[in-house]
Amino acid sequence: MINMLVAEFRHNCQWGTAHVYKSAGNAFAAYRNNIDIAFADFSPQIIKEFEIFLRSRRGSRNTVATYMKVLKATYNRAVECGVAAYVPRLFGHVIVKSCNCVKRSLDAGDMGMLLVGNGKVADPELKKAGQVFSLMFLLRGIPFVDLAYLRKGDICGGVLHYRRRKTGRLLMVKLSQEAQGIIGELSAGTPLRSPYLFPFISSPEGTEAAYNEYQRALRHFNRQLGRLSRVVLSPSPLSTYAARHTWATMAYYCEIHHGIISEALGHSSIAVTEAYLRPFRNDRIDRANDTVIEYVKHEARGKK
């Protein structure tokens with residue numbers, strides 16, 4: 001069933017989804033020692049054992065949740081197709097929700113260093129990585145996948161128009177002078193005949209070749225960000241997610257309404273934005289608690 005769904009996704013040019021399902025299928029096959037299993041033998045015990053197997057391979061919570069969601073979706077499709085019987089709460093005791101509690105944001109000082117101090121980086125690859133990261137932040141935390149697929153015609157009158165590949169929402173971003181400068185430098189390496197704004201991808205959009213080019217560019221970018229973090233920002237973490245989370249966090253610290261932040265990021269709902277901001281709201285609460293404690297101590301000292 002998983003292989004059938006992978007073939008279906010590939011036929012529909014859903015290369016990323018096909019990749020995730022294939023990876024989950026490979027993991028389940030490894031757990032089963034490549035011995036197939038009928039849906040009639042599918043049980044909560046087997047699903048729980050698969051979760052334990054993934055954890056034993058040091059899989060992150062989000063990886064475990066993703067693979068479990070794939071397994072659950074595959075089972076649901078089998079039920080729809082009439083090849084599996086419906087079993088209530090079959091996945092009731094395993095992780096199927098991702099966790100957004102990991103802090104991925106830079107503080108304002110580190111982000112400022114990248115924006116104004118990136119010219120001090122001598123290595124051209126690291127300098128380029130810093131420019132791409134800074135541009136992602138300047139474009140309201142644009143995801144790397146959306147940045148990589150931008151087209152030359154997406155910029156008109158100093159405004160960037162693009163659709164989120166994840167949600168399909170149309171976003172318009174007024175380009176600052178800093179953003180325009182970085183775009184000019186990064187797009188200089190794009191072939192004239194290419195429809196893309198940046199040289200990350202050369203194959204036609206929607207093809208498997210384009211998806212593979214994007215994956216290679218993403219892996220290379222994350223490697224360079226890891227190096228840049230150690231050289232410039234150590235020990236602050238850097239990844240493609242960090243630019244988006246940093247923009248959201250800085251907007252929150254500037255007391256911008258959550259609804260505006262949600263619109264700016266192109267989230268499907270404000271609940272997604274709340275998940276982004278929850279860890280940083282806790283930081284503020286902790287600092288407020290420290291302030292209260294210090295106030296009480298100060299008052300106590302004054303009465304002695």
# chains A, B, ... in the order shown; residues from 1 in each chain; ligands from 1
call {"tool": "residues_around", "arguments": {"residues": "Gly168 in chain A", "least_positions_apart": "6", "cutoff": "10 Å", "atoms": "only C-alpha atoms", "output": "number ranges by chain"}}
result
A: 162, 266, 268
call {"tool": "write_last_selection", "arguments": {"atoms": "C-alpha atoms", "output": "short mmCIF file (atom, residue, chain, number, x, y, z; two decimals), in the first residue's frame"}}
result
data_model
loop_
_atom_site.label_atom_id
_atom_site.label_comp_id
_atom_site.auth_asym_id
_atom_site.auth_seq_id
_atom_site.Cartn_x
_atom_site.Cartn_y
_atom_site.Cartn_z
CA TYR A 162 4.89 34.88 -4.56
CA GLY A 266 1.37 33.25 5.21
CA SER A 268 -2.97 28.81 7.23
#
call {"tool": "select_by_dssp", "arguments": {"residues": "range 109-255 of chain A", "states": "strand (DSSP E or B)", "output": "ChimeraX atom specification"}}
result
/A:151,155-156,159-163,170-174,196
call {"tool": "select_by_dssp", "arguments": {"residues": "range 101-244 of chain A", "states": "helix (DSSP H, G or I)", "output": "JSON, numbers by chain"}}
result
{"A": [108, 109, 110, 111, 112, 113, 114, 115, 116, 117, 118, 119, 120, 124, 125, 126, 127, 128, 129, 130, 131, 132, 133, 134, 135, 136, 137, 138, 144, 145, 146, 147, 148, 152, 153, 154, 177, 178, 179, 180, 181, 182, 183, 184, 185, 186, 187, 188, 189, 208, 209, 210, 211, 212, 213, 214, 215, 216, 217, 218, 219, 220, 221, 222, 223, 224, 225, 226, 227, 228, 229, 230, 231, 232, 233, 240, 241, 242, 243, 244]}
call {"tool": "closest_residue", "arguments": {"among": "A:Trp247, A:Phe42, A:Phe221, A:Phe198", "to": "Ala78 in chain A", "atoms": "only C-alpha atoms"}}
result
A:Phe42
call {"tool": "closest_residue", "arguments": {"among": "A:Gln180, A:Ala7, A:Val145, A:Met111", "to": "Arg216 in chain A", "atoms": "only C-alpha atoms"}}
result
A:Val145
call {"tool": "residues_around", "arguments": {"residues": "range 89-91 of chain A", "least_positions_apart": "5", "cutoff": "12 Å", "atoms": "only C-alpha atoms", "output": "PDB file with N, CA, C and O atoms, in the first residue's frame"}}
result
ATOM      1  N   PHE A  39      -2.843  -6.198   6.464  1.00  0.00           N
ATOM      2  CA  PHE A  39      -3.579  -5.278   7.323  1.00  0.00           C
ATOM      3  C   PHE A  39      -4.369  -6.031   8.398  1.00  0.00           C
ATOM      4  O   PHE A  39      -4.612  -5.496   9.482  1.00  0.00           O
ATOM      5  N   PHE A  42      -2.279  -6.114  11.390  1.00  0.00           N
ATOM      6  CA  PHE A  42      -1.881  -4.818  11.915  1.00  0.00           C
ATOM      7  C   PHE A  42      -2.503  -4.639  13.298  1.00  0.00           C
ATOM      8  O   PHE A  42      -3.693  -4.879  13.479  1.00  0.00           O
ATOM      9  N   SER A  43      -1.722  -4.226  14.287  1.00  0.00           N
ATOM     10  CA  SER A  43      -2.259  -4.119  15.647  1.00  0.00           C
ATOM     11  C   SER A  43      -1.598  -2.958  16.385  1.00  0.00           C
ATOM     12  O   SER A  43      -0.519  -2.481  15.997  1.00  0.00           O
ATOM     13  N   PRO A  44      -2.216  -2.484  17.466  1.00  0.00           N
ATOM     14  CA  PRO A  44      -1.591  -1.427  18.272  1.00  0.00           C
ATOM     15  C   PRO A  44      -0.215  -1.828  18.790  1.00  0.00           C
ATOM     16  O   PRO A  44       0.677  -0.978  18.904  1.00  0.00           O
ATOM     17  N   GLN A  45      -0.023  -3.112  19.100  1.00  0.00           N
ATOM     18  CA  GLN A  45       1.269  -3.571  19.594  1.00  0.00           C
ATOM     19  C   GLN A  45       2.361  -3.398  18.549  1.00  0.00           C
ATOM     20  O   GLN A  45       3.463  -2.936  18.842  1.00  0.00           O
ATOM     21  N   ILE A  46       2.052  -3.759  17.289  1.00  0.00           N
ATOM     22  CA  ILE A  46       3.037  -3.621  16.215  1.00  0.00           C
ATOM     23  C   ILE A  46       3.358  -2.156  15.983  1.00  0.00           C
ATOM     24  O   ILE A  46       4.533  -1.772  15.797  1.00  0.00           O
ATOM     25  N   ILE A  47       2.347  -1.295  16.015  1.00  0.00           N
ATOM     26  CA  ILE A  47       2.572   0.130  15.800  1.00  0.00           C
ATOM     27  C   ILE A  47       3.440   0.708  16.922  1.00  0.00           C
ATOM     28  O   ILE A  47       4.353   1.499  16.670  1.00  0.00           O
ATOM     29  N   LYS A  48       3.154   0.305  18.159  1.00  0.00           N
ATOM     30  CA  LYS A  48       3.947   0.781  19.294  1.00  0.00           C
ATOM     31  C   LYS A  48       5.376   0.281  19.202  1.00  0.00           C
ATOM     32  O   LYS A  48       6.332   1.029  19.497  1.00  0.00           O
ATOM     33  N   GLU A  49       5.559  -0.964  18.779  1.00  0.00           N
ATOM     34  CA  GLU A  49       6.909  -1.507  18.624  1.00  0.00           C
ATOM     35  C   GLU A  49       7.676  -0.743  17.544  1.00  0.00           C
ATOM     36  O   GLU A  49       8.893  -0.537  17.663  1.00  0.00           O
ATOM     37  N   PHE A  50       6.976  -0.329  16.492  1.00  0.00           N
ATOM     38  CA  PHE A  50       7.620   0.461  15.434  1.00  0.00           C
ATOM     39  C   PHE A  50       8.065   1.813  15.995  1.00  0.00           C
ATOM     40  O   PHE A  50       9.166   2.286  15.692  1.00  0.00           O
ATOM     41  N   GLU A  51       7.242   2.418  16.835  1.00  0.00           N
ATOM     42  CA  GLU A  51       7.625   3.686  17.460  1.00  0.00           C
ATOM     43  C   GLU A  51       8.883   3.510  18.312  1.00  0.00           C
ATOM     44  O   GLU A  51       9.811   4.320  18.259  1.00  0.00           O
ATOM     45  N   ALA A  65       7.004  11.273  14.694  1.00  0.00           N
ATOM     46  CA  ALA A  65       5.632  11.711  14.442  1.00  0.00           C
ATOM     47  C   ALA A  65       5.306  11.685  12.950  1.00  0.00           C
ATOM     48  O   ALA A  65       4.215  11.267  12.543  1.00  0.00           O
ATOM     49  N   MET A  68       4.858   8.111  11.771  1.00  0.00           N
ATOM     50  CA  MET A  68       3.603   7.589  12.295  1.00  0.00           C
ATOM     51  C   MET A  68       2.406   8.149  11.529  1.00  0.00           C
ATOM     52  O   MET A  68       1.427   7.440  11.268  1.00  0.00           O
ATOM     53  N   LYS A  69       2.487   9.424  11.156  1.00  0.00           N
ATOM     54  CA  LYS A  69       1.407  10.021  10.366  1.00  0.00           C
ATOM     55  C   LYS A  69       1.305   9.355   8.998  1.00  0.00           C
ATOM     56  O   LYS A  69       0.206   9.152   8.475  1.00  0.00           O
ATOM     57  N   VAL A  70       2.469   9.020   8.414  1.00  0.00           N
ATOM     58  CA  VAL A  70       2.466   8.317   7.132  1.00  0.00           C
ATOM     59  C   VAL A  70       1.809   6.951   7.293  1.00  0.00           C
ATOM     60  O   VAL A  70       0.977   6.536   6.464  1.00  0.00           O
ATOM     61  N   LEU A  71       2.158   6.241   8.356  1.00  0.00           N
ATOM     62  CA  LEU A  71       1.588   4.912   8.593  1.00  0.00           C
ATOM     63  C   LEU A  71       0.072   5.010   8.801  1.00  0.00           C
ATOM     64  O   LEU A  71      -0.696   4.200   8.265  1.00  0.00           O
ATOM     65  N   LYS A  72      -0.338   6.027   9.556  1.00  0.00           N
ATOM     66  CA  LYS A  72      -1.775   6.212   9.817  1.00  0.00           C
ATOM     67  C   LYS A  72      -2.519   6.572   8.532  1.00  0.00           C
ATOM     68  O   LYS A  72      -3.614   6.051   8.269  1.00  0.00           O
ATOM     69  N   ALA A  73      -1.929   7.459   7.709  1.00  0.00           N
ATOM     70  CA  ALA A  73      -2.568   7.843   6.452  1.00  0.00           C
ATOM     71  C   ALA A  73      -2.660   6.659   5.500  1.00  0.00           C
ATOM     72  O   ALA A  73      -3.653   6.497   4.773  1.00  0.00           O
ATOM     73  N   TYR A  75      -2.877   3.481   6.408  1.00  0.00           N
ATOM     74  CA  TYR A  75      -3.944   2.624   6.943  1.00  0.00           C
ATOM     75  C   TYR A  75      -5.324   3.190   6.600  1.00  0.00           C
ATOM     76  O   TYR A  75      -6.227   2.454   6.174  1.00  0.00           O
ATOM     77  N   ASN A  76      -5.477   4.515   6.742  1.00  0.00           N
ATOM     78  CA  ASN A  76      -6.770   5.136   6.417  1.00  0.00           C
ATOM     79  C   ASN A  76      -7.126   4.955   4.947  1.00  0.00           C
ATOM     80  O   ASN A  76      -8.291   4.731   4.597  1.00  0.00           O
ATOM     81  N   VAL A  96       1.694  11.160  17.003  1.00  0.00           N
ATOM     82  CA  VAL A  96       1.349  11.516  15.627  1.00  0.00           C
ATOM     83  C   VAL A  96       1.381  13.030  15.421  1.00  0.00           C
ATOM     84  O   VAL A  96       1.122  13.512  14.328  1.00  0.00           O
ATOM     85  N   LYS A  97       1.713  13.775  16.480  1.00  0.00           N
ATOM     86  CA  LYS A  97       1.794  15.231  16.362  1.00  0.00           C
ATOM     87  C   LYS A  97       3.231  15.689  16.509  1.00  0.00           C
ATOM     88  O   LYS A  97       3.951  15.229  17.396  1.00  0.00           O
TER      89      LYS A  97
END
call {"tool": "residues_around", "arguments": {"residues": "Ile260 in chain A", "least_positions_apart": "2", "cutoff": "12 Å", "atoms": "only C-alpha atoms", "output": "PyMOL selection string"}}
result
chain A and resi 140+248+251-252+254-258+262-267+269-270+273-274
call {"tool": "write_last_selection", "arguments": {"atoms": "C-alpha atoms", "output": "CSV table (one decimal), in the first residue's frame"}}
result
chain,number,residue,atom,x,y,z
A,140,ARG,CA,9.5,38.2,6.4
A,248,ALA,CA,8.3,35.8,13.9
A,251,ALA,CA,7.9,40.7,15.4
A,252,TYR,CA,6.5,39.3,18.7
A,254,CYS,CA,8.1,44.4,18.9
A,255,GLU,CA,4.5,43.7,20.1
A,256,ILE,CA,3.1,43.3,16.7
A,257,HIS,CA,-0.4,41.6,16.8
A,258,HIS,CA,-0.4,37.9,16.3
A,262,SER,CA,0.2,35.2,10.9
A,263,GLU,CA,-0.7,37.2,7.7
A,264,ALA,CA,3.0,38.2,7.2
A,265,LEU,CA,4.2,34.6,7.4
A,266,GLY,CA,1.4,33.3,5.2
A,267,HIS,CA,0.2,30.8,7.8
A,269,SER,CA,-4.3,29.9,10.6
A,270,ILE,CA,-3.3,32.0,13.7
A,273,THR,CA,1.6,31.2,14.5
A,274,GLU,CA,0.8,30.6,18.2
call {"tool": "closest_residue", "arguments": {"among": "A:Ser239, A:Asn62, A:Ala29, A:Ile52", "to": "His93 in chain A", "atoms": "only C-alpha atoms"}}
result
A:Ile52
call {"tool": "closest_atom_pairs", "arguments": {"of": "range 51-125 of chain A", "to": "range 132-139 of chain A", "cutoff": "10 Å", "atoms": "only C-alpha atoms", "output": "JSON lines"}}
result
{"residue": "A:Met111", "atom": "CA", "partner": "A:Ser134", "partner_atom": "CA", "distance": 8.0}
{"residue": "A:Gly112", "atom": "CA", "partner": "A:Ser134", "partner_atom": "CA", "distance": 9.3}
{"residue": "A:Met113", "atom": "CA", "partner": "A:Ser134", "partner_atom": "CA", "distance": 9.9}
{"residue": "A:Leu114", "atom": "CA", "partner": "A:Ser134", "partner_atom": "CA", "distance": 6.6}
{"residue": "A:Leu115", "atom": "CA", "partner": "A:Ser134", "partner_atom": "CA", "distance": 5.9}
{"residue": "A:Val116", "atom": "CA", "partner": "A:Ser134", "partner_atom": "CA", "distance": 9.5}
{"residue": "A:Asn118", "atom": "CA", "partner": "A:Ser134", "partner_atom": "CA", "distance": 9.1}
